[in-house]
Amino acid sequence: MKKNDEFVVAIEDMSEDGAGIGRVDGYIWFIKDTVIGDVVRAGVMKMKKTYGFARLIEVVEPSKDRVEPRCPVARQCGGCQLQMMDYEAQLRFKERKIYNNLKRIGGMENLRLPGEECGSEDEGAGTGERAGADGRKIVRMEPIMRMEEPWRYRNKAQFPFGVSKDGRVITGFYAGRTHSIIENEDCLLGVEENREILRIVREFMEEFGVKPYDEEGHRGLVRHCLIRKGFATGEIMVCLVVNGRKVPKDEVLVERLRQVDGMTSISLCVNMEKTNVILGDEVVNLWGPGYITDYIGDVKYQISPLSFYQVNPAQTVKLYGTALEYAGLTGEETVWDLYCGIGTISLFLAQKAKKVYGVEIVPQAIEDARRNAEINGIDNVEFFVGKAEEVLPREFEEKQIYADVIVVDPPRKGCDQVCLDTIVKMGPKRVVYVSCDSATLGRDVKYLGERGFEVERVRGCDMFGMGGHVESVIMMQNCGFKKKIEV
């Protein structure tokens, strides 16, 4: 086959990023916007030795799980990979994604899906009494935590600004793997206020001749509009990311934005670098306190434009609640929370722990974490600025600060090996691992598993309905610690 040749194929599986997978004469094709069970006509885009990429031309026979996307630009926009798939099927796909990575990469041959029937080697599975074929007891995944409403759930959005072919100021989202803006002011995953705010900003720019940023020429002013909303408080933040330090007639823009219900903070974020990184380091406050507040459970958080904060607060309560449950705290434990961000998990854990230590590399995040602890009157937490793989060994080896439980919530790349080695040396009773990438989770589970830690509980959490990513949380028991207790 060559480029633009067409072929018909049945979709048998889906890749990590949600592209359909089909096979023709043993050759693997990845086809975006398809669903398991579809029979499609596709056109060749690119071919490698054993696999290729093709574009969807026509759905010849739709899958039982195929639905009509609600968003009119769902296929062009890079934000929703799974909008054409029924939500129940999305959950099954994400659950199996975690399962496959823990089994294939993590070596967990003893793992079973929630509804998976047991084989003869699994007699007694689920009771914790019997072992599977590889000699380890069966671990059955707990059902994925589903969203009650998989629409309008994102409390944060970053909209790029640009110019259309006919010269209009436009905003929306980038098409997949490009920096071409797909015009859309009402993303159905974001809050309804986004549409009004973007209209105000766009009309202001047109009225006063404020130019959108041009990436190629490094000219123009407005790069992005960052919008955040506290779901518990209703407070709204608008932060314009600009290629400069001032916006002409900004007092007019502020006055117009203040009319939006819930508007609490309006600011500029200065980014004058020629880069595709969205945010800069400097924030210029135009109106309001410079932050909004929100709650996760009973814990109050202060969120600035540069703060990391989970985008799906309803599911975050479930995710952190599960992490807290897996930690098994009685009030007597010392807990380390690695990659702690603004202290979201740390403050959750502190409600049930004797002492919590949080570690994060971003100084601003630690400032926010300390402020959040103060706001909530939580005094049994201490935060460190630095790399987890440096702070943890230092505090353990030099100051003999140990851990009963270690909680990790690393970035997509997973935990650093030095960090994992220190966890092994510290020998906590339990490790709770919150992961946004089950592939690196699988890698780290295998590493810890070879050093005496055994997975006992696994659960997925759907934080990103209509998207391909999924969060997961596992609990690993220190087998060496258990043996000590038995002796």
# chains A, B, ... in the order shown; residues from 1 in each chain; ligands from 1
call {"tool": "closest_atom_pairs", "arguments": {"of": "segment 186-280 of chain A", "to": "segment 287-293 of chain A", "cutoff": "8 Å", "atoms": "only C-alpha atoms", "output": "JSON lines"}}
result
{"residue": "A:Lys229", "atom": "CA", "partner": "A:Ile292", "partner_atom": "CA", "distance": 7.9}
{"residue": "A:Gly230", "atom": "CA", "partner": "A:Thr293", "partner_atom": "CA", "distance": 6.3}
{"residue": "A:Thr233", "atom": "CA", "partner": "A:Thr293", "partner_atom": "CA", "distance": 6.9}
{"residue": "A:Glu235", "atom": "CA", "partner": "A:Ile292", "partner_atom": "CA", "distance": 6.0}
{"residue": "A:Ile236", "atom": "CA", "partner": "A:Ile292", "partner_atom": "CA", "distance": 6.8}
{"residue": "A:Met237", "atom": "CA", "partner": "A:Ile292", "partner_atom": "CA", "distance": 6.5}
{"residue": "A:Val254", "atom": "CA", "partner": "A:Trp287", "partner_atom": "CA", "distance": 7.2}
{"residue": "A:Thr264", "atom": "CA", "partner": "A:Gly288", "partner_atom": "CA", "distance": 5.8}
{"residue": "A:Ser265", "atom": "CA", "partner": "A:Gly288", "partner_atom": "CA", "distance": 4.5}
{"residue": "A:Ile266", "atom": "CA", "partner": "A:Trp287", "partner_atom": "CA", "distance": 5.1}
{"residue": "A:Ser267", "atom": "CA", "partner": "A:Trp287", "partner_atom": "CA", "distance": 6.7}
call {"tool": "residues_around", "arguments": {"residues": "Val283 of chain A", "least_positions_apart": "5", "cutoff": "7 Å", "atoms": "only C-alpha atoms", "output": "VMD selection string"}}
result
chain A and resid 267 to 270
call {"tool": "closest_atom_pairs", "arguments": {"of": "segment 186-229 of chain A", "to": "segment 143-164 of chain A", "cutoff": "7 Å", "atoms": "only C-alpha atoms", "output": "tab-separated table"}}
result
residue	atom	partner	partner_atom	distance
A:Leu188	CA	A:Arg152	CA	5.7
A:Leu189	CA	A:Arg152	CA	4.2
A:Gly190	CA	A:Arg152	CA	4.7
A:Val191	CA	A:Arg152	CA	5.3
A:Pro212	CA	A:Gly162	CA	5.2
A:Tyr213	CA	A:Gly162	CA	6.6
A:Val222	CA	A:Phe161	CA	6.7
A:Arg223	CA	A:Phe161	CA	5.7
A:His224	CA	A:Pro160	CA	4.2
A:Cys225	CA	A:Phe159	CA	5.2
A:Leu226	CA	A:Gln158	CA	4.5
A:Ile227	CA	A:Ala157	CA	5.4
A:Arg228	CA	A:Lys156	CA	4.4
A:Lys229	CA	A:Asn155	CA	5.1
call {"tool": "write_last_selection", "arguments": {"atoms": "all heavy atoms", "output": "CSV table (one decimal), in the first residue's frame"}}
result
chain,number,residue,atom,x,y,z
A,188,LEU,N,-17.6,21.6,25.7
A,188,LEU,CA,-18.6,20.9,26.6
A,188,LEU,C,-18.0,20.2,27.8
A,188,LEU,O,-18.8,19.8,28.6
A,188,LEU,CB,-19.4,19.9,25.7
A,188,LEU,CG,-20.2,20.5,24.5
A,188,LEU,CD1,-20.9,19.4,23.8
A,188,LEU,CD2,-21.1,21.6,25.0
A,189,LEU,N,-16.7,20.2,27.9
A,189,LEU,CA,-16.1,19.7,29.1
A,189,LEU,C,-15.9,20.8,30.1
A,189,LEU,O,-15.7,20.5,31.3
A,189,LEU,CB,-14.8,19.0,28.8
A,189,LEU,CG,-14.8,17.8,27.8
A,189,LEU,CD1,-13.4,17.1,27.8
A,189,LEU,CD2,-15.9,16.8,28.1
A,190,GLY,N,-15.9,22.0,29.7
A,190,GLY,CA,-15.6,23.2,30.5
A,190,GLY,C,-16.9,23.8,31.1
A,190,GLY,O,-18.0,23.4,30.7
A,191,VAL,N,-16.7,24.8,32.0
A,191,VAL,CA,-17.9,25.4,32.6
A,191,VAL,C,-18.6,26.3,31.6
A,191,VAL,O,-18.0,26.8,30.7
A,191,VAL,CB,-17.5,26.2,33.9
A,191,VAL,CG1,-16.9,25.2,34.9
A,191,VAL,CG2,-16.5,27.3,33.6
A,212,PRO,N,-3.7,39.1,18.7
A,212,PRO,CA,-3.3,37.8,19.3
A,212,PRO,C,-1.8,37.5,19.0
A,212,PRO,O,-1.3,38.1,18.0
A,212,PRO,CB,-4.2,36.8,18.5
A,212,PRO,CG,-5.2,37.6,17.8
A,212,PRO,CD,-4.7,39.0,17.6
A,213,TYR,N,-1.3,36.7,19.7
A,213,TYR,CA,0.2,36.3,19.6
A,213,TYR,C,0.3,35.5,18.3
A,213,TYR,O,-0.4,34.6,18.1
A,213,TYR,CB,0.6,35.6,20.8
A,213,TYR,CG,2.1,35.1,20.7
A,213,TYR,CD1,3.1,36.0,20.8
A,213,TYR,CD2,2.4,33.8,20.7
A,213,TYR,CE1,4.4,35.6,20.7
A,213,TYR,CE2,3.7,33.3,20.6
A,213,TYR,CZ,4.7,34.3,20.7
A,213,TYR,OH,6.0,33.9,20.6
A,222,VAL,N,-1.8,38.8,23.0
A,222,VAL,CA,-2.5,37.9,23.8
A,222,VAL,C,-2.2,36.4,23.3
A,222,VAL,O,-2.5,36.1,22.2
A,222,VAL,CB,-4.0,38.2,23.8
A,222,VAL,CG1,-4.8,37.1,24.6
A,222,VAL,CG2,-4.3,39.5,24.3
A,223,ARG,N,-1.7,35.6,24.2
A,223,ARG,CA,-1.3,34.2,23.9
A,223,ARG,C,-2.5,33.3,24.2
A,223,ARG,O,-2.9,32.5,23.4
A,223,ARG,CB,0.0,33.8,24.6
A,223,ARG,CG,1.1,34.7,24.2
A,223,ARG,CD,2.4,34.4,25.0
A,223,ARG,NE,3.0,33.2,24.6
A,223,ARG,CZ,4.3,33.0,24.3
A,223,ARG,NH1,5.1,34.1,24.4
A,223,ARG,NH2,4.8,31.9,23.9
A,224,HIS,N,-2.8,33.3,25.5
A,224,HIS,CA,-3.9,32.4,26.0
A,224,HIS,C,-4.8,33.1,27.0
A,224,HIS,O,-4.4,34.1,27.6
A,224,HIS,CB,-3.2,31.2,26.7
A,224,HIS,CG,-2.7,30.1,25.8
A,224,HIS,ND1,-1.5,30.3,25.2
A,224,HIS,CD2,-3.1,28.9,25.5
A,224,HIS,CE1,-1.2,29.2,24.5
A,224,HIS,NE2,-2.2,28.3,24.6
A,225,CYS,N,-5.9,32.5,27.2
A,225,CYS,CA,-6.8,33.0,28.3
A,225,CYS,C,-7.0,31.8,29.2
A,225,CYS,O,-7.5,30.7,28.8
A,225,CYS,CB,-8.1,33.4,27.8
A,225,CYS,SG,-9.3,34.0,29.1
A,226,LEU,N,-6.5,31.9,30.5
A,226,LEU,CA,-6.6,30.8,31.5
A,226,LEU,C,-7.9,31.2,32.3
A,226,LEU,O,-8.0,32.3,32.9
A,226,LEU,CB,-5.4,30.8,32.4
A,226,LEU,CG,-5.5,30.0,33.7
A,226,LEU,CD1,-5.7,28.5,33.5
A,226,LEU,CD2,-4.2,30.2,34.5
A,227,ILE,N,-8.8,30.2,32.4
A,227,ILE,CA,-10.0,30.4,33.2
A,227,ILE,C,-10.1,29.3,34.3
A,227,ILE,O,-9.9,28.1,33.9
A,227,ILE,CB,-11.3,30.4,32.4
A,227,ILE,CG1,-11.2,31.5,31.2
A,227,ILE,CG2,-12.5,30.7,33.2
A,227,ILE,CD1,-12.3,31.4,30.2
A,228,ARG,N,-10.3,29.7,35.5
A,228,ARG,CA,-10.5,28.7,36.6
A,228,ARG,C,-11.8,29.0,37.3
A,228,ARG,O,-12.1,30.2,37.5
A,228,ARG,CB,-9.3,28.7,37.5
A,228,ARG,CG,-8.2,27.9,37.1
A,228,ARG,CD,-7.1,27.9,38.1
A,228,ARG,NE,-6.4,26.6,38.1
A,228,ARG,CZ,-5.1,26.5,38.4
A,228,ARG,NH1,-4.4,27.6,38.8
A,228,ARG,NH2,-4.5,25.3,38.5
A,229,LYS,N,-12.5,27.9,37.8
A,229,LYS,CA,-13.7,28.1,38.6
A,229,LYS,C,-13.6,27.2,39.8
A,229,LYS,O,-13.3,26.0,39.7
A,229,LYS,CB,-14.9,27.8,37.8
A,229,LYS,CG,-16.2,28.0,38.6
A,229,LYS,CD,-17.5,27.8,37.8
A,229,LYS,CE,-18.7,28.0,38.7
A,229,LYS,NZ,-20.0,27.8,37.9
call {"tool": "closest_residue", "arguments": {"among": "A:Met85, A:Val67, A:Met426, A:Met476", "to": "Ala19 of chain A", "atoms": "only C-alpha atoms"}}
result
A:Met85
call {"tool": "select_by_dssp", "arguments": {"residues": "segment 300-467 of chain A", "states": "alpha helix (DSSP H)", "output": "count of residues only"}}
result
69
call {"tool": "closest_residue", "arguments": {"among": "A:Asn276, A:Gln83, A:Gln76, A:Asn372", "to": "Ile181 of chain A", "atoms": "only C-alpha atoms"}}
result
A:Gln76
call {"tool": "closest_residue", "arguments": {"among": "A:Ser15, A:Asn380, A:Ser63, A:Gln417", "to": "Lys97 of chain A", "atoms": "only C-alpha atoms"}}
result
A:Ser15
call {"tool": "select_by_dssp", "arguments": {"residues": "segment 261-417 of chain A", "states": "strand (DSSP E or B)", "output": "ChimeraX atom specification"}}
result
/A:263-270,282-287,292-296,299-303,334-338,355-360,381-385,405-408
call {"tool": "residues_around", "arguments": {"residues": "Arg219 of chain A", "least_positions_apart": "6", "cutoff": "12 Å", "atoms": "only C-alpha atoms", "output": "list in words"}}
result
Gly162, Val210, Lys211, Pro212, Tyr213, Val242, Asn243, Gly244, Met272, Glu273 and Lys274 of chain A
call {"tool": "write_last_selection", "arguments": {"atoms": "all heavy atoms", "output": "JSON list (two decimals), in the first residue's frame"}}
result
[["chain", "number", "residue", "atom", "x", "y", "z"],
["A", 162, "GLY", "N", -5.81, 33.39, 18.29],
["A", 162, "GLY", "CA", -5.16, 33.52, 16.99],
["A", 162, "GLY", "C", -6.02, 34.31, 16.03],
["A", 162, "GLY", "O", -7.00, 34.94, 16.44],
["A", 210, "VAL", "N", -6.23, 44.96, 19.91],
["A", 210, "VAL", "CA", -5.24, 44.16, 20.64],
["A", 210, "VAL", "C", -5.00, 42.86, 19.86],
["A", 210, "VAL", "O", -5.94, 42.09, 19.63],
["A", 210, "VAL", "CB", -5.72, 43.85, 22.07],
["A", 210, "VAL", "CG1", -4.71, 42.97, 22.80],
["A", 210, "VAL", "CG2", -5.96, 45.14, 22.84],
["A", 211, "LYS", "N", -3.77, 42.64, 19.44],
["A", 211, "LYS", "CA", -3.47, 41.53, 18.53],
["A", 211, "LYS", "C", -3.21, 40.22, 19.27],
["A", 211, "LYS", "O", -2.53, 40.20, 20.30],
["A", 211, "LYS", "CB", -2.23, 41.86, 17.68],
["A", 211, "LYS", "CG", -2.36, 43.12, 16.84],
["A", 211, "LYS", "CD", -3.43, 42.95, 15.77],
["A", 211, "LYS", "CE", -3.48, 44.17, 14.86],
["A", 211, "LYS", "NZ", -4.59, 44.07, 13.90],
["A", 212, "PRO", "N", -3.70, 39.11, 18.72],
["A", 212, "PRO", "CA", -3.31, 37.80, 19.25],
["A", 212, "PRO", "C", -1.83, 37.54, 18.96],
["A", 212, "PRO", "O", -1.27, 38.10, 18.03],
["A", 212, "PRO", "CB", -4.19, 36.80, 18.48],
["A", 212, "PRO", "CG", -5.24, 37.62, 17.82],
["A", 212, "PRO", "CD", -4.67, 38.98, 17.61],
["A", 213, "TYR", "N", -1.25, 36.69, 19.74],
["A", 213, "TYR", "CA", 0.16, 36.34, 19.57],
["A", 213, "TYR", "C", 0.35, 35.47, 18.33],
["A", 213, "TYR", "O", -0.44, 34.57, 18.06],
["A", 213, "TYR", "CB", 0.64, 35.58, 20.82],
["A", 213, "TYR", "CG", 2.08, 35.13, 20.75],
["A", 213, "TYR", "CD1", 3.12, 36.05, 20.78],
["A", 213, "TYR", "CD2", 2.40, 33.77, 20.68],
["A", 213, "TYR", "CE1", 4.45, 35.64, 20.74],
["A", 213, "TYR", "CE2", 3.71, 33.35, 20.64],
["A", 213, "TYR", "CZ", 4.74, 34.28, 20.67],
["A", 213, "TYR", "OH", 6.05, 33.87, 20.63],
["A", 242, "VAL", "N", 0.23, 36.90, 28.30],
["A", 242, "VAL", "CA", 0.55, 37.94, 27.31],
["A", 242, "VAL", "C", 2.04, 38.01, 27.02],
["A", 242, "VAL", "O", 2.88, 37.72, 27.87],
["A", 242, "VAL", "CB", 0.06, 39.33, 27.81],
["A", 242, "VAL", "CG1", -1.46, 39.39, 27.81],
["A", 242, "VAL", "CG2", 0.60, 39.64, 29.19],
["A", 243, "ASN", "N", 2.33, 38.42, 25.80],
["A", 243, "ASN", "CA", 3.69, 38.64, 25.34],
["A", 243, "ASN", "C", 4.06, 40.10, 25.64],
["A", 243, "ASN", "O", 4.31, 40.91, 24.75],
["A", 243, "ASN", "CB", 3.78, 38.34, 23.83],
["A", 243, "ASN", "CG", 5.17, 38.54, 23.27],
["A", 243, "ASN", "OD1", 6.16, 38.25, 23.93],
["A", 243, "ASN", "ND2", 5.26, 39.06, 22.05],
["A", 244, "GLY", "N", 4.07, 40.45, 26.91],
["A", 244, "GLY", "CA", 4.31, 41.82, 27.34],
["A", 244, "GLY", "C", 3.96, 41.94, 28.80],
["A", 244, "GLY", "O", 3.69, 40.94, 29.48],
["A", 272, "MET", "N", 7.12, 36.20, 27.68],
["A", 272, "MET", "CA", 7.70, 36.87, 26.52],
["A", 272, "MET", "C", 8.73, 35.99, 25.83],
["A", 272, "MET", "O", 9.49, 36.45, 24.99],
["A", 272, "MET", "CB", 8.32, 38.20, 26.97],
["A", 272, "MET", "CG", 7.29, 39.15, 27.55],
["A", 272, "MET", "SD", 7.97, 40.66, 28.28],
["A", 272, "MET", "CE", 8.59, 41.49, 26.82],
["A", 273, "GLU", "N", 8.75, 34.70, 26.20],
["A", 273, "GLU", "CA", 9.68, 33.77, 25.58],
["A", 273, "GLU", "C", 9.11, 33.21, 24.28],
["A", 273, "GLU", "O", 7.90, 33.09, 24.13],
["A", 273, "GLU", "CB", 9.97, 32.60, 26.54],
["A", 273, "GLU", "CG", 10.55, 33.02, 27.87],
["A", 273, "GLU", "CD", 11.93, 33.64, 27.74],
["A", 273, "GLU", "OE1", 12.73, 33.13, 26.92],
["A", 273, "GLU", "OE2", 12.21, 34.62, 28.44],
["A", 274, "LYS", "N", 10.01, 32.86, 23.36],
["A", 274, "LYS", "CA", 9.57, 32.20, 22.12],
["A", 274, "LYS", "C", 9.52, 30.70, 22.42],
["A", 274, "LYS", "O", 10.48, 29.96, 22.23],
["A", 274, "LYS", "CB", 10.52, 32.50, 20.97],
["A", 274, "LYS", "CG", 9.96, 32.06, 19.62],
["A", 274, "LYS", "CD", 10.78, 32.57, 18.46],
["A", 274, "LYS", "CE", 10.08, 32.19, 17.13],
["A", 274, "LYS", "NZ", 10.82, 32.66, 15.97]]
